[in-house]
>>> print(open('start_5.txt').read())   # compact mmCIF, C-alpha atoms
# COMPACT_ATOMS: atom_id res chain seq x y z
CA MET C 1 212.81 36.83 2.35
CA LEU C 2 213.62 38.60 5.57
CA ARG C 3 214.46 41.76 3.73
CA VAL C 4 211.09 41.68 1.92
CA LEU C 5 209.30 41.23 5.24
CA ALA C 6 211.20 44.12 6.81
CA LEU C 7 210.45 46.38 3.87
CA ALA C 8 206.75 45.44 3.91
CA SER C 9 206.43 46.08 7.63
CA VAL C 10 208.08 49.49 7.32
CA VAL C 11 205.75 50.45 4.49
CA LEU C 12 202.69 49.22 6.42
CA LEU C 13 203.75 51.09 9.54
CA GLY C 14 204.11 54.17 7.44
CA ILE C 15 200.63 53.92 5.92
CA ALA C 16 198.58 52.40 8.74
CA PRO C 17 198.75 55.26 11.27
CA GLN C 18 197.60 57.73 8.66
CA ALA C 19 194.64 55.55 7.76
CA SER C 20 193.59 55.07 11.38
CA GLN C 21 194.19 58.64 12.54
CA ALA C 22 190.97 60.45 13.17
CA ILE C 23 189.97 63.91 14.16
CA THR C 24 188.92 64.31 17.80
CA VAL C 25 186.44 67.03 18.69
CA TYR C 26 186.35 68.54 22.18
CA THR C 27 183.56 70.48 23.84
CA SER C 28 182.49 70.92 27.45
CA TRP C 29 180.25 68.27 28.96
CA GLU C 30 177.60 70.46 30.49
CA ARG C 31 177.13 74.21 30.85
CA HIS C 32 174.94 76.13 33.23
CA ALA C 33 173.70 79.63 32.48
CA LEU C 34 171.28 82.22 33.77
CA VAL C 35 168.23 83.16 31.73
CA GLY C 36 168.87 86.34 29.79
CA SER C 37 172.64 85.99 29.79
CA ASP C 38 175.05 85.16 26.97
CA ILE C 39 177.08 82.03 26.77
CA ARG C 40 180.12 81.02 24.73
CA LEU C 41 180.13 77.35 23.75
CA SER C 42 183.64 76.25 22.96
CA CYS C 43 184.59 73.63 20.42
CA SER C 44 188.10 72.55 19.54
CA PHE C 45 189.64 69.64 17.71
CA PHE C 46 192.81 67.64 17.55
CA SER C 47 194.10 66.47 14.19
CA TRP C 48 197.41 65.05 13.09
CA ARG C 49 197.43 67.32 10.09
CA PHE C 50 197.87 71.05 9.87
CA VAL C 51 194.73 73.14 9.72
CA SER C 52 193.67 73.11 6.09
CA GLU C 53 191.97 75.82 4.08
CA ASP C 54 188.77 73.76 3.95
CA VAL C 55 188.40 73.35 7.71
CA SER C 56 184.72 73.35 8.68
CA PHE C 57 182.71 73.54 11.88
CA THR C 58 179.02 72.69 12.17
CA TRP C 59 176.91 73.35 15.24
CA ARG C 60 173.60 71.55 15.67
CA TYR C 61 170.95 72.03 18.33
CA ARG C 62 168.61 69.34 19.66
CA PRO C 63 165.97 70.49 22.17
CA ASP C 64 165.40 68.40 25.29
CA GLY C 65 162.92 65.66 24.56
CA SER C 66 163.16 65.96 20.80
CA ARG C 67 164.90 63.58 18.43
CA ASP C 68 165.60 65.99 15.60
CA SER C 69 168.43 68.44 15.48
CA ILE C 70 168.74 71.57 13.41
CA SER C 71 171.89 73.31 12.28
CA ILE C 72 172.43 76.70 13.81
CA ALA C 73 175.95 77.63 12.77
CA HIS C 74 178.34 76.58 10.05
CA TYR C 75 181.81 77.69 9.14
CA ALA C 76 183.29 76.59 5.83
CA GLY C 77 185.60 77.99 3.20
CA GLY C 78 186.58 80.92 5.41
CA GLU C 79 182.98 82.10 5.86
CA ALA C 80 180.71 81.77 8.89
CA TYR C 81 176.99 81.19 8.43
CA THR C 82 174.52 81.43 11.29
CA ASP C 83 170.84 80.77 11.83
CA ASN C 84 168.70 83.33 10.06
CA LYS C 85 165.34 81.58 10.15
CA GLY C 86 164.83 79.55 13.30
CA ALA C 87 164.78 80.01 17.05
CA PHE C 88 168.36 81.27 17.13
CA LYS C 89 167.89 83.96 14.50
CA ASP C 90 170.23 86.89 15.17
CA ARG C 91 171.21 85.33 18.49
CA VAL C 92 174.10 83.13 17.50
CA GLU C 93 177.48 84.39 16.39
CA PHE C 94 180.57 82.51 15.33
CA VAL C 95 183.40 83.77 17.53
CA GLY C 96 186.00 81.08 17.06
CA ASN C 97 189.33 81.24 15.31
CA PRO C 98 189.42 78.28 12.93
CA LYS C 99 193.10 78.80 12.15
CA ARG C 100 193.75 78.06 15.82
CA ARG C 101 191.37 75.09 15.83
CA ASP C 102 188.75 77.03 17.76
CA GLY C 103 185.18 76.82 16.53
CA SER C 104 183.30 78.49 19.38
CA ILE C 105 179.94 80.17 19.08
CA LEU C 106 178.32 82.85 21.20
CA ILE C 107 174.61 82.58 21.99
CA LYS C 108 172.98 85.75 23.30
CA ASN C 109 169.95 86.35 25.47
CA LEU C 110 169.29 82.79 26.63
CA ASP C 111 165.80 81.58 27.35
CA PHE C 112 164.36 78.45 28.91
CA SER C 113 163.56 77.12 25.46
CA ASP C 114 167.30 76.92 24.76
CA ASN C 115 167.69 73.95 27.10
CA GLY C 116 169.08 71.13 25.04
CA THR C 117 172.12 69.54 23.49
CA PHE C 118 174.49 71.41 21.18
CA THR C 119 176.66 69.25 18.96
CA CYS C 120 179.85 70.44 17.31
CA ASP C 121 181.21 68.63 14.29
CA ALA C 122 184.61 69.67 13.04
CA LYS C 123 186.27 68.51 9.85
CA ASN C 124 189.82 69.14 8.75
CA PRO C 125 190.13 67.70 5.23
CA PRO C 126 191.50 65.17 4.50
CA ASP C 127 191.03 64.25 8.20
CA ILE C 128 187.29 63.86 8.26
CA VAL C 129 186.70 60.70 10.23
CA GLY C 130 185.64 61.63 13.72
CA ARG C 131 182.81 61.66 16.20
CA PRO C 132 181.06 64.96 16.91
CA SER C 133 181.06 66.12 20.50
CA SER C 134 178.04 67.39 22.43
CA VAL C 135 177.59 69.90 25.20
CA ARG C 136 174.45 70.03 27.26
CA LEU C 137 173.07 73.49 28.10
CA LEU C 138 170.98 74.05 31.21
CA VAL C 139 169.31 77.42 31.67
CA PHE C 140 168.37 78.43 35.21
CA GLU C 141 166.51 81.30 36.75
CA THR C 142 168.99 81.31 39.64
CA LEU C 143 172.16 79.30 39.59
CA PRO C 144 171.87 76.46 42.10
CA ILE C 145 174.74 75.58 44.40
CA GLN C 146 176.42 72.54 42.98
CA ALA C 147 176.50 69.36 44.97
CA GLY C 148 179.20 69.18 47.56
CA VAL C 149 180.23 72.83 47.47
CA ILE C 150 179.05 73.56 50.99
CA THR C 151 180.53 70.30 52.29
CA GLY C 152 183.89 71.02 50.74
CA ALA C 153 183.81 74.62 51.91
CA ILE C 154 183.12 73.71 55.53
CA ILE C 155 185.81 71.02 55.61
CA GLY C 156 188.32 73.24 53.84
CA VAL C 157 187.74 76.22 56.11
CA VAL C 158 188.00 74.23 59.32
CA LEU C 159 191.14 72.39 58.28
CA GLY C 160 192.63 75.63 57.01
CA LEU C 161 191.96 77.31 60.35
CA LEU C 162 193.58 74.36 62.10
CA VAL C 163 196.73 74.64 59.98
CA LEU C 164 196.77 78.40 60.46
CA ILE C 165 196.51 78.13 64.24
CA VAL C 166 199.31 75.55 64.38
CA VAL C 167 201.55 77.69 62.17
CA ILE C 168 200.88 80.85 64.18
CA TYR C 169 201.52 78.99 67.45
CA TYR C 170 204.89 77.71 66.33
CA LEU C 171 205.77 81.07 64.79
CA MET C 172 205.01 82.89 68.05
CA ARG C 173 207.08 80.38 70.00
CA PHE C 174 209.98 80.78 67.58
CA LEU C 175 209.84 84.58 67.74
CA VAL C 176 209.59 84.66 71.53
CA ALA C 177 212.48 82.22 71.85
CA ARG C 178 214.59 84.31 69.50
CA ARG C 179 213.85 87.49 71.43
CA VAL C 180 214.70 85.83 74.73
CA PHE C 181 217.91 84.48 73.19
CA SER C 182 219.02 87.87 71.88
CA LEU C 183 218.22 89.55 75.22
CA ASN C 184 220.33 86.99 77.05
CA VAL C 185 223.23 87.48 74.65
CA SER C 186 223.11 91.26 74.94
CA ARG C 187 223.10 91.09 78.70
CA ASN C 188 226.12 88.83 78.52
CA VAL C 189 224.61 86.40 80.93
CA GLU C 190 225.23 82.72 80.61
CA GLY C 191 221.71 81.90 79.66
CA PRO C 192 220.13 78.65 80.66
CA GLN C 193 219.89 75.81 78.24
CA LEU C 194 217.13 76.63 75.81
CA SER C 195 214.84 73.68 76.07
CA ILE C 196 211.86 74.00 73.84
CA LEU C 197 209.03 72.73 75.99
CA PRO C 198 206.47 70.74 73.99
CA MET R 1 199.69 51.56 82.58
CA LEU R 2 196.17 50.21 82.85
CA VAL R 3 194.75 53.68 82.56
CA LEU R 4 196.80 54.22 79.43
CA ILE R 5 195.51 51.04 77.80
CA ALA R 6 191.93 51.80 78.77
CA LEU R 7 192.22 55.33 77.40
CA SER R 8 193.67 54.12 74.11
CA ILE R 9 190.92 51.53 73.75
CA LEU R 10 188.29 54.17 74.46
CA HIS R 11 189.77 56.53 71.90
CA ILE R 12 190.14 53.87 69.23
CA ALA R 13 186.60 52.68 69.87
CA ALA R 14 185.37 56.25 69.40
CA ILE R 15 187.26 56.52 66.10
CA ILE R 16 185.82 53.22 64.86
CA LEU R 17 182.28 54.26 65.79
CA LEU R 18 182.74 57.60 64.06
CA LEU R 19 184.01 55.94 60.89
CA VAL R 20 181.19 53.40 60.85
CA ALA R 21 178.62 56.13 61.42
CA THR R 22 179.99 58.23 58.57
CA ILE R 23 180.62 55.46 56.05
CA ASP R 24 178.02 52.78 56.65
CA ASN R 25 174.69 53.41 55.04
CA ALA R 26 172.18 53.05 57.86
CA TRP R 27 171.08 56.39 59.31
CA TRP R 28 167.42 55.75 58.48
CA VAL R 29 166.18 52.31 57.50
CA SER R 30 162.97 50.63 56.51
CA PRO R 31 162.33 47.10 55.17
CA THR R 32 162.88 48.25 51.59
CA MET R 33 165.16 51.21 51.97
CA SER R 34 168.29 52.21 53.77
CA THR R 35 169.67 55.71 53.66
CA ASP R 36 172.36 57.94 55.08
CA VAL R 37 173.75 61.34 54.26
CA TRP R 38 175.51 60.21 51.10
CA GLY R 39 173.00 58.03 49.21
CA ARG R 40 170.01 55.78 49.42
CA TRP R 41 169.70 52.05 48.79
CA VAL R 42 166.27 50.97 47.58
CA LEU R 43 165.09 47.36 47.32
CA THR R 44 163.22 46.84 44.04
CA ASN R 45 162.43 43.41 42.64
CA ASN R 46 164.66 41.74 45.19
CA LYS R 47 167.65 43.81 44.12
CA TRP R 48 169.25 46.63 46.02
CA ASN R 49 169.91 49.70 43.89
CA LEU R 50 171.87 52.77 44.89
CA THR R 51 169.91 55.93 44.15
CA ASP R 52 170.38 59.61 44.84
CA LEU R 53 168.92 61.16 47.95
CA PRO R 54 165.42 62.58 47.43
CA SER R 55 165.48 66.13 46.18
CA ASN R 56 163.25 67.35 48.97
CA TYR R 57 166.18 67.04 51.38
CA GLU R 58 167.39 70.53 52.24
CA THR R 59 170.81 70.62 50.63
CA ASP R 60 172.30 73.10 53.11
CA TYR R 61 171.56 70.92 56.12
CA LEU R 62 172.53 67.75 54.30
CA GLN R 63 175.91 69.11 53.30
CA ALA R 64 176.45 70.50 56.81
CA VAL R 65 175.86 67.01 58.23
CA GLN R 66 178.23 65.52 55.65
CA ALA R 67 180.96 68.04 56.37
CA THR R 68 180.74 67.90 60.17
CA SER R 69 180.65 64.10 60.36
CA VAL R 70 183.75 63.88 58.11
CA LEU R 71 185.48 66.55 60.19
CA ALA R 72 184.66 64.65 63.39
CA CYS R 73 186.42 61.56 62.01
CA ILE R 74 189.43 63.60 60.91
CA PHE R 75 189.80 65.40 64.25
CA SER R 76 189.46 62.22 66.26
CA ILE R 77 192.18 60.51 64.22
CA ILE R 78 194.44 63.55 64.59
CA ALA R 79 193.75 63.45 68.36
CA LEU R 80 194.96 59.85 68.49
CA PHE R 81 198.27 60.74 66.85
CA VAL R 82 198.65 63.83 69.02
CA PHE R 83 197.99 61.69 72.11
CA ILE R 84 200.74 59.25 71.14
CA ALA R 85 203.10 62.17 70.47
CA GLU R 86 202.27 63.80 73.79
CA LEU R 87 202.87 60.50 75.62
CA PHE R 88 206.51 60.68 74.64
CA THR R 89 207.16 64.41 74.71
CA LEU R 90 205.14 65.78 77.60
CA PRO R 91 207.09 66.56 80.75
CA LYS R 92 205.94 65.04 84.02
CA GLY R 93 202.90 66.47 85.67
CA ARG R 94 201.47 68.15 82.59
CA ARG R 95 198.02 67.48 81.21
CA PHE R 96 197.20 66.19 77.74
CA THR R 97 195.57 69.43 76.73
CA ILE R 98 196.11 69.34 72.98
CA SER R 99 194.73 65.82 72.60
CA GLY R 100 191.82 66.88 74.74
CA VAL R 101 191.21 69.90 72.53
CA PHE R 102 191.15 67.83 69.35
CA GLN R 103 188.93 65.21 70.91
CA VAL R 104 186.48 67.79 72.22
CA LEU R 105 186.35 69.36 68.76
CA ALA R 106 185.55 65.94 67.30
CA CYS R 107 182.83 65.59 69.93
CA LEU R 108 181.44 69.00 68.99
CA PHE R 109 181.36 68.19 65.29
CA ILE R 110 179.65 64.84 65.62
CA MET R 111 177.15 66.45 68.00
CA ILE R 112 176.38 69.09 65.36
CA ALA R 113 176.02 66.42 62.67
CA ALA R 114 173.75 64.14 64.68
CA SER R 115 171.67 67.04 66.01
CA ILE R 116 171.02 68.54 62.60
CA TYR R 117 170.08 65.13 61.26
CA THR R 118 167.74 64.41 64.14
CA ASP R 119 166.05 67.77 63.95
CA ARG R 120 165.76 68.37 60.24
CA PHE R 121 165.36 65.04 58.49
CA HIS R 122 162.59 62.46 58.57
CA VAL R 123 160.44 64.60 60.85
CA ASN R 124 157.23 63.53 59.15
CA GLU R 125 158.20 60.00 58.25
CA LYS R 126 157.84 58.32 61.62
CA SER R 127 155.75 55.50 60.16
CA LEU R 128 157.94 54.89 57.14
CA GLY R 129 161.03 53.69 58.90
CA ASN R 130 163.24 53.98 61.91
CA TYR R 131 166.71 55.17 62.79
CA GLY R 132 169.44 52.75 61.78
CA HIS R 133 172.60 51.65 63.52
CA SER R 134 174.87 54.30 62.00
CA PHE R 135 172.71 57.03 63.51
CA ILE R 136 172.78 55.39 66.93
CA LEU R 137 176.54 54.87 66.67
CA ALA R 138 176.95 58.55 65.87
CA TRP R 139 175.30 59.52 69.15
CA ILE R 140 177.28 56.88 71.06
CA ALA R 141 180.46 58.21 69.48
CA PHE R 142 179.45 61.66 70.74
CA GLY R 143 179.31 60.24 74.27
CA LEU R 144 182.62 58.38 73.96
CA THR R 145 184.50 61.35 72.55
CA PHE R 146 183.06 63.55 75.28
CA ILE R 147 184.21 61.19 78.02
CA SER R 148 187.65 60.70 76.53
CA SER R 149 188.18 64.44 76.09
CA ILE R 150 187.26 65.01 79.76
CA VAL R 151 189.77 62.31 80.73
CA TYR R 152 192.47 63.99 78.62
CA PHE R 153 191.82 67.30 80.30
CA VAL R 154 191.99 65.80 83.78
CA LEU R 155 194.72 63.22 83.47
CA ARG R 156 198.28 64.16 84.35
CA LYS R 157 201.37 62.52 82.95
CA LYS R 158 203.23 60.44 85.50
>>> encode(input="start_5.txt", output="structure tokens")
Amino acid sequence: MLRVLALASVVLLGIAPQASQAITVYTSWERHALVGSDIRLSCSFFSWRFVSEDVSFTWRYRPDGSRDSISIAHYAGGEAYTDNKGAFKDRVEFVGNPKRRDGSILIKNLDFSDNGTFTCDAKNPPDIVGRPSSVRLLVFETLPIQAGVITGAIIGVVLGLLVLIVVIYYLMRFLVARRVFSLNVSRNVEGPQLSILP
Amino acid sequence: MLVLIALSILHIAAIILLLVATIDNAWWVSPTMSTDVWGRWVLTNNKWNLTDLPSNYETDYLQAVQATSVLACIFSIIALFVFIAELFTLPKGRRFTISGVFQVLACLFIMIAASIYTDRFHVNEKSLGNYGHSFILAWIAFGLTFISSIVYFVLRKK
């Protein structure tokens, strides 16, 4: 009885992980870009299996405020297909390396109408169960300073100056003390006790 | 001995006031709203909700106030530790210059923070609220740090 149980548990442990393993897709959370520039949206995935021949990437775009999304790039069967009809015609290019689990796309000449959410869906047959990942694109005329940058900069600079001044002070004292010590030795005088005054 | 205790109490009080001014959310208050340099609490439907600061705040000045008030706290705390160290290591007759320097820097920073806030924020909102206790404590902390730094510069070790 015990042996049957042991055998069953080993078999179940062998099968269960494979059934529950899923593909995990990674993209950035949010990207900022200047109008007129190009941007590379990265997409990568983690899968327990090796990259298969039928690996596929699909990029969808959903404008801000809309509920529909359209496909703008697709890679399958070793071929990349990009938008040739819609708003991204001739502007999107597949620049990833699927063999290295990289499904990035390059979007050229950004405009304010490109604000929205880009979703990457990667499939690595037979590992197809997974949630697509989205990256939000924000297009600016001038890049704003992100929150807290000035605060952090001021604090960092002041504390850095403080540390620098302390280090230089102790370095100068050490060098002066060493010079005085070597002078005393060369003059062969019984020098006074070197007390480092605080 | 008495002078020592009084000085320590003064310094610790200044640190506490600085921390309360930086952390507690009451630089500008009204019956339904309480704000400071980090966020804003708004009373809606009998519930207080934490919201972001309004976007018409000038971010440069806001972040300068944030940075200098944090730096004032840091420098005052460092000054306390330096004072304790100097108590034990300073030879007789010397002044507590380094503690005084740190404390006067803390005084300078909190003065910058409170001044920028007074001058640049809520200039047209006089009827919508009034200054809260954190703001007042920031100015009082300026006074306390100033006095204690003067004392450090004048006092000699016995």
>>> residues_around(input="start_5.txt", residues="Val149 in chain C", least_positions_apart="2", cutoff="12 Å", atoms="all atoms listed in the file", output="PDB file with C-alpha atoms, in the frame of the given file")
ATOM      1  CA  PRO C 144     171.870  76.460  42.100  1.00  0.00           C
ATOM      2  CA  ILE C 145     174.740  75.580  44.400  1.00  0.00           C
ATOM      3  CA  GLN C 146     176.420  72.540  42.980  1.00  0.00           C
ATOM      4  CA  ALA C 147     176.500  69.360  44.970  1.00  0.00           C
ATOM      5  CA  THR C 151     180.530  70.300  52.290  1.00  0.00           C
ATOM      6  CA  GLY C 152     183.890  71.020  50.740  1.00  0.00           C
ATOM      7  CA  ALA C 153     183.810  74.620  51.910  1.00  0.00           C
ATOM      8  CA  ILE C 154     183.120  73.710  55.530  1.00  0.00           C
ATOM      9  CA  ILE C 155     185.810  71.020  55.610  1.00  0.00           C
ATOM     10  CA  GLY C 156     188.320  73.240  53.840  1.00  0.00           C
ATOM     11  CA  VAL C 157     187.740  76.220  56.110  1.00  0.00           C
TER      12      VAL C 157
ATOM     13  CA  THR R  59     170.810  70.620  50.630  1.00  0.00           C
ATOM     14  CA  ASP R  60     172.300  73.100  53.110  1.00  0.00           C
ATOM     15  CA  LEU R  62     172.530  67.750  54.300  1.00  0.00           C
ATOM     16  CA  GLN R  63     175.910  69.110  53.300  1.00  0.00           C
ATOM     17  CA  ALA R  64     176.450  70.500  56.810  1.00  0.00           C
ATOM     18  CA  GLN R  66     178.230  65.520  55.650  1.00  0.00           C
ATOM     19  CA  ALA R  67     180.960  68.040  56.370  1.00  0.00           C
TER      20      ALA R  67
END
>>> interface_residues(input="start_5.txt", of="chain R", to="chain C", cutoff="12 Å", atoms="all atoms listed in the file", output="VMD selection string")
chain R and resid 37 to 38 52 to 53 55 58 to 75 78 82 85 to 92 94 to 98 101 to 102 105 to 106 109 113
>>> residues_around(input="start_5.txt", residues="range 46-50 of chain R", least_positions_apart="4", cutoff="9 Å", atoms="all atoms listed in the file", output="PDB file with C-alpha atoms, in the coordinates of the input")
ATOM      1  CA  THR R  32     162.880  48.250  51.590  1.00  0.00           C
ATOM      2  CA  MET R  33     165.160  51.210  51.970  1.00  0.00           C
ATOM      3  CA  GLY R  39     173.000  58.030  49.210  1.00  0.00           C
ATOM      4  CA  ARG R  40     170.010  55.780  49.420  1.00  0.00           C
ATOM      5  CA  TRP R  41     169.700  52.050  48.790  1.00  0.00           C
ATOM      6  CA  VAL R  42     166.270  50.970  47.580  1.00  0.00           C
TER       7      VAL R  42
END
>>> residues_around(input="start_5.txt", residues="Ile105 in chain C", least_positions_apart="2", cutoff="7 Å", atoms="all atoms listed in the file", output="ChimeraX atom specification")
/C:40-42,92-96,103,107
>>> write_last_selection(input="start_5.txt", atoms="C-alpha atoms", output="PDB file, keeping the file's coordinate frame")
ATOM      1  CA  ARG C  40     180.120  81.020  24.730  1.00  0.00           C
ATOM      2  CA  LEU C  41     180.130  77.350  23.750  1.00  0.00           C
ATOM      3  CA  SER C  42     183.640  76.250  22.960  1.00  0.00           C
ATOM      4  CA  VAL C  92     174.100  83.130  17.500  1.00  0.00           C
ATOM      5  CA  GLU C  93     177.480  84.390  16.390  1.00  0.00           C
ATOM      6  CA  PHE C  94     180.570  82.510  15.330  1.00  0.00           C
ATOM      7  CA  VAL C  95     183.400  83.770  17.530  1.00  0.00           C
ATOM      8  CA  GLY C  96     186.000  81.080  17.060  1.00  0.00           C
ATOM      9  CA  GLY C 103     185.180  76.820  16.530  1.00  0.00           C
ATOM     10  CA  ILE C 107     174.610  82.580  21.990  1.00  0.00           C
TER      11      ILE C 107
END
>>> atom_distance(input="start_5.txt", atom1="CA of Ala141 in chain R", atom2="CA of Ser115 in chain R")
12.9 Å
>>> closest_residue(input="start_5.txt", among="C:Ala122, C:Val25, C:Ala6, C:Ile168", to="Ser52 in chain C", atoms="only C-alpha atoms")
C:Ala122
>>> axis_aligned_box(input="start_5.txt", around="range 83-99 of chain R", padding_each_side="5 Å", output="AutoDock Vina command-line options")
--center_x 200.9 --center_y 64.3 --center_z 78.1 --size_x 22.4 --size_y 20.2 --size_z 25.2
>>> closest_residue(input="start_5.txt", among="R:Ile84, R:Ala21, R:Leu2, R:Val29", to="Ala114 in chain R", atoms="all atoms listed in the file")
R:Ala21
>>> atom_distance(input="start_5.txt", atom1="CA of Lys108 in chain C", atom2="CA of Ser66 in chain C")
22.2 Å
>>> residues_around(input="start_5.txt", residues="Gly93 in chain R", least_positions_apart="5", cutoff="7 Å", atoms="all atoms listed in the file", output="PyMOL selection string")
chain R and resi 156-158
>>> write_last_selection(input="start_5.txt", atoms="C-alpha atoms", output="compact mmCIF listing (two decimals), keeping the file's coordinate frame")
# COMPACT_ATOMS: atom_id res chain seq x y z
CA ARG R 156 198.28 64.16 84.35
CA LYS R 157 201.37 62.52 82.95
CA LYS R 158 203.23 60.44 85.50
>>> residues_around(input="start_5.txt", residues="range 137-140 of chain C", least_positions_apart="4", cutoff="10 Å", atoms="only C-alpha atoms", output="JSON list (two decimals) with C-alpha atoms, in the frame of the given file")
[["chain", "number", "residue", "atom", "x", "y", "z"],
["C", 28, "SER", "CA", 182.49, 70.92, 27.45],
["C", 29, "TRP", "CA", 180.25, 68.27, 28.96],
["C", 30, "GLU", "CA", 177.60, 70.46, 30.49],
["C", 31, "ARG", "CA", 177.13, 74.21, 30.85],
["C", 32, "HIS", "CA", 174.94, 76.13, 33.23],
["C", 33, "ALA", "CA", 173.70, 79.63, 32.48],
["C", 34, "LEU", "CA", 171.28, 82.22, 33.77],
["C", 35, "VAL", "CA", 168.23, 83.16, 31.73],
["C", 36, "GLY", "CA", 168.87, 86.34, 29.79],
["C", 37, "SER", "CA", 172.64, 85.99, 29.79],
["C", 39, "ILE", "CA", 177.08, 82.03, 26.77],
["C", 41, "LEU", "CA", 180.13, 77.35, 23.75],
["C", 63, "PRO", "CA", 165.97, 70.49, 22.17],
["C", 64, "ASP", "CA", 165.40, 68.40, 25.29],
["C", 110, "LEU", "CA", 169.29, 82.79, 26.63],
["C", 111, "ASP", "CA", 165.80, 81.58, 27.35],
["C", 112, "PHE", "CA", 164.36, 78.45, 28.91],
["C", 113, "SER", "CA", 163.56, 77.12, 25.46],
["C", 114, "ASP", "CA", 167.30, 76.92, 24.76],
["C", 115, "ASN", "CA", 167.69, 73.95, 27.10],
["C", 116, "GLY", "CA", 169.08, 71.13, 25.04],
["C", 117, "THR", "CA", 172.12, 69.54, 23.49],
["C", 118, "PHE", "CA", 174.49, 71.41, 21.18],
["C", 144, "PRO", "CA", 171.87, 76.46, 42.10]]
>>> atom_distance(input="start_5.txt", atom1="CA of Thr24 in chain C", atom2="CA of Thr82 in chain C")
23.3 Å
>>> residues_near_point(input="start_5.txt", point="(184.4, 81.9, 1.8)", cutoff="12 Å", atoms="all atoms listed in the file", output="list in words")
Glu53, Asp54, Val55, Ser56, His74, Tyr75, Ala76, Gly77, Gly78, Glu79, Ala80 and Tyr81 of chain C
>>> closest_residue(input="start_5.txt", among="R:Ala14, R:Val104, R:Leu80, R:Ile116", to="Phe153 in chain R", atoms="all atoms listed in the file")
R:Val104
